[in-house]
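Student: Got a structure for you, written out below as structure tokens; questions coming shortly.
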Amino acid sequence: MGKALRPRGWVLVAYLLPGLLIYSFVVLVPILAALRDSFYSWTGGPKKTYIGTGNYKEILQDDVFWHSFLNNVLMTAYGLIGQVGFGFVFALLLMSKMVKLKGLHRTMSYFPSTLAPVIIAFLWMLVYNYNYGLLNAGLTKLGLGALVQSWLDLTGPIVLLASIPLSWQNIGFFTLLMLAGLSTINKEVLEVAELDGATGVRKAWYIIIPLAKPTLVVASLLCIANNMRGFEHIYALTGGGPGNSSSVMALYAYETSFLRFRYGYGSALAIAIITLTMLMILLSTLILQRRNHSKGGA
Amino acid sequence: MNKRSFMLGLMVVASSVLSACGSGENEESAAESGNTITISLMHRYQESNIGKSPEDTAVLDGLKRFREDYPDIEIIEEQLQNEDYSIKAQALAAADDMPDVFIVPGSWMTNFVDNEIVLPLDKELDKRPEWRDGYRAGTLDAGTREGQIYGIPIAAGPTHLIYYNADLFASIGYDQFPASWTDLMDAGDKLAEKGINLFSYGDKSKGYAMSSWISALTDRINGPEWTESILNGDGAKFTDEGFIQGIGIMSELAKAGYLNKDLNSVDNDTMVNYYFEGRSAAFVSGIWSAMNIVNNAPDEIKASTRVAVFPGVENGLGNPLSSSGGAGVYYSVNSGVEAGEKLDAIMTMLEYMTGSDSAKLMAEVGGFPAYDPGDFDTGKLHPVALAAYEASAAADATKIFDLWFDASIVEVLNTGIQGVMAGSRTPEQLAEETQQAYETFLNQP
């Protein structure tokens with residue numbers, strides 16, 4: 001931008017100010033308030049007792065919280081496969097010449113992303129329902145009646161079962177993201193590859209994936225952040241149940257604050273969630289980028 | 001000049017954002033400074049439930065009569081759904097921004113009293129002894145802390161009643177509800193052979209197990225002294241044998257296959273529907289389900305439905321006929337309301353909404369009011385509703401845990417029981433966890 005066209009410093013600041021103000025009120029101030037409250041024993045009224053790091057010490061020994069954290073990690077892993085992985089495969093399919101009616105596929109796969117999480121949960125409750133559910137009806141039709149289950153009552157694979165609707169919803173978003181990323185790959189490179197005999201899986205593996213790496217990294221980081229703060233789907237689908245088996249960190253913090261009236265401890269949990277999520281993202285950024293570098297160097 | 005107008009605009013934006021939160025309060029204080037009295041009221045009774053739910057019908061009728069008799073008093077009323085109410089009320093309480101009159105479930109009461117959110121109402125009630133003394137024995141208890149009354153009860157009645165299909169039980173050789181646990185398990189077995197569940201059960205919303213099963217079962221085994229000892233911190237433990245046994249009985253029913261398989265993932269409505277569809281021979285619920293049966297059950301189910309309570313437990317210390325019960329939710333007044341005209345108006349409004357006339361109406365449409373309605377016209381009541389009413393009046397009500405124990409303990413139990421019913425946790429583990437939450441609560445500064 002030319003110097004004459006560049007706005008003055010204060011104008012820039014002024015333009016940013018409204019957004020910054022709103023952001024401060026809805027994000028920064030609550031986080032700072034939670035940080036302050038996390039040092040108190042507080043049951044929700046005017047009385048607060050300062051207990052220093054007591055809440056944090058309790059978190060370290062809180063099995064339910066760490067179980068919820070593990071569930072978040074599991075959900076993230078499922079999400080990376082189900083959302084980013086399948087999104088990438090879908091994008092490749094949509095790029096290939098075999099698939100017809102691309103516009104329709106694109107619209108259909110994006111459609112679930114437009115639904116509210118509560119509606120998604122309700123739809124999938126119908127799928128999983130023991131007596132009237134689509135899944136059990138399908139199994140019975142296929143002669144697999146022995147596999148019929150009350151799915152949402154299973155404590156073992158419940159996180160996987162809850163992650164499927166999440167993937168179902170987000171796959172369209174990631175497909176679009178990937179399509180955008182893939183479209184930046186130089187067509188000539190692909191043509192040359194094809195001339196050299198690289199088709200199908202080979203082309204994807206040796207040409208497209210390395211070139212689409214930046215998009216994949218961004219998508220993975222988005223997916224990690226999304227799943228670490230997951231709340232609505234689990235809340236509406238299982239309520240964290242049966243028992244605590246599908247509980248996630250945000251749900252646990254919510255329950256602690258608003259159902260158990262332990263606002264101080266709930267605030268400490270919220271701070272712990274932020275810290276752990278940041279750590280996860282930092283770690284994965286380091287890992288993803290280092291791999292990038294080592295590949296680049298080789 | 002540009003700069004100035006910009007800053008001015010910014011200030012307008014900022015101030016409108018900031019004032020959005022506080023505008024309600026401003027309106028109120030403005031109204032108070034005038035002559036009319038304004039009462040803000042937030043509750044979970046809804047216009048759309050009139051005729052369906054006895055509580056909603058009676059309370060809102062009382063409010064309507066009050067508005068007609070006192071047109072000068074302005075009432076800013078907010079009707080919320082059950083769950084929405086809980087969330088909003090808790091958020092407002094944490095922000096110290098409660099309306100003048102609101103509903104407090106028994107389990108919140110200790111917290112609200114400790115945090116001085118609610119106003120003691122003794123002095124006001126003493127001015128109206130006739131009203132105060134009309135409440136059924138024990139219904140004021142869960143709203144009372146250290147001798148001071150903080151809440152006016154609305155409905156009472158058992159949270160544990162068994163609605164059962166007499167025809168189905170007759171078909172397996174029981175002419176009444178099984179009177180012992182051995183008989184009950186035998187009936188469950190025979191019903192299972194026919195592909196019918198003994199009980200349908202729906203605990204998705206977490207809380208059903210506690211209010212309709214655990215409180216009554218534990219009392220059968222441990223007797224009321226145990227509950228008192230827990231409440232007073234006198235040495236009773238959740239790891240005591242009796243509590244574990246009660247939870248054990250529940251998990252055995254699930255393990256034996258006498259309950260529906262999807263017991264943790266369906267809600268109360270589905271549970272009742274399973275009974276209506278003949279998938280189960282009985283379900284355990286509170287008095288509120290009586291009108292559901294009367295209004296919604298298929299005719300043949302309605303005709304064969306009877307009411308019972310759990311059988312006694314061998315060597316149990318409690319009364320085998322008791323049912324968990326008492327008043328569940330209370331109307332409380334904001335501690336910020338000062339004695340005077342406004343408080344007077346509030347008390348009159350509460351008398352309209354929960355007192356004698358309202359109680360009579362509630363009983364006539366199939367509810368069980370906390371205020372003793374005296375004699376009322378039972379002619380219009382369906383036999384199922386009447387049986388539930390009579391069972392309620394006869395039952396020796398014991399304390400419902402979810403109203404008495406602190407919310408932090410209730411929540412652990414509500415969550416943990418799902419795990420036990422799903423078989424991923426043992427009753428002993430749940431007892432251990434509950435005890436831990438109990439100790440944390442006792443040690444809270």
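Each chain in the structure tokens gets a letter, A, B, ..., in the order shown, and its residues are numbered from 1; ligands are numbered from 1 in order too.
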Near chain A, which residues of chain B fall within 9 Å when you count only C-alpha atoms, and what do they look like as a PyMOL selection string?
Tutor: chain B and resi 6-7+10+13-14+17+86-87+90-91+93-96+108+111-112+114-117+204-206+261-266+406-412+414-425+444-445
Student: Excluding stretch 271-287 of chain A and residues on its chain fewer than 5 positions from it, collect all residues at most 9 Å away from it, counting only C-alpha atoms, and give them as a list of chain:residue names.
Tutor: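 Final neighbour list, sorted by chain and number: A:Ile31, A:Ala34, A:Leu35, A:Ser38, A:Tyr56, A:Ile59, A:Phe69, A:Val217, A:Ser220, A:Leu221, A:Ile224, A:Ala225, A:Met228, A:Arg229, A:Met249, A:Ala250, A:Ala253, A:Gly266, A:Asn292.
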Student: Near stretch 39-50 of chain B, within 6 Å and counting only C-alpha atoms, which residues show up once chain neighbours fewer than 6 positions away are dropped, as an MDAnalysis selection string?
Tutor: chainID B and resid 56:57 75:82 99:103
Student: Just how far from atom CA of B:Gln435 is atom CA of B:Thr239, in Å to one decimal?
Tutor: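 Answer for the atom CA of B:Thr239 to atom CA of B:Gln435 separation: 6.5 Å.
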Student: When you draw a straight line from atom CA of B:Tyr150 to atom CA of B:Ser212, how long is it in Å?
Tutor: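 Here the two named atoms are 25.2 Å from each other.
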Student: Report, in Å to a single decimal, how far apart atom CA of A:Leu94 and atom CA of A:Thr199 are.
Tutor: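 Separation of atom CA of A:Thr199 and atom CA of A:Leu94: 15.2 Å.
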Student: What residues in stretch 38-280 of chain A get the DSSP label strand (DSSP E or B)? Please answer as a list of chain:residue names.
Tutor: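 Everything in stretch 38-280 of chain A that counts as strand (DSSP E or B) is A:Tyr40, A:Ser41, A:Trp42, A:Lys48, A:Thr49, A:Tyr50.
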Student: Per DSSP on the backbone, filter stretch 16-160 of chain A down to the residues in alpha helix (DSSP H) and report them as an NGL selection string.
Tutor: :A and (16-23 or 29-37 or 54-60 or 63-79 or 86-95 or 102-110 or 117-128 or 134-141 or 158-160)
Student: Residues at most 12 Å from stretch 376-382 of chain B, counting only C-alpha atoms, excluding those fewer than 3 positions away in the same chain, as a ChimeraX atom specification?
Tutor: /B:54,290-295,302-303,305-306,356-368,372-373,385-390
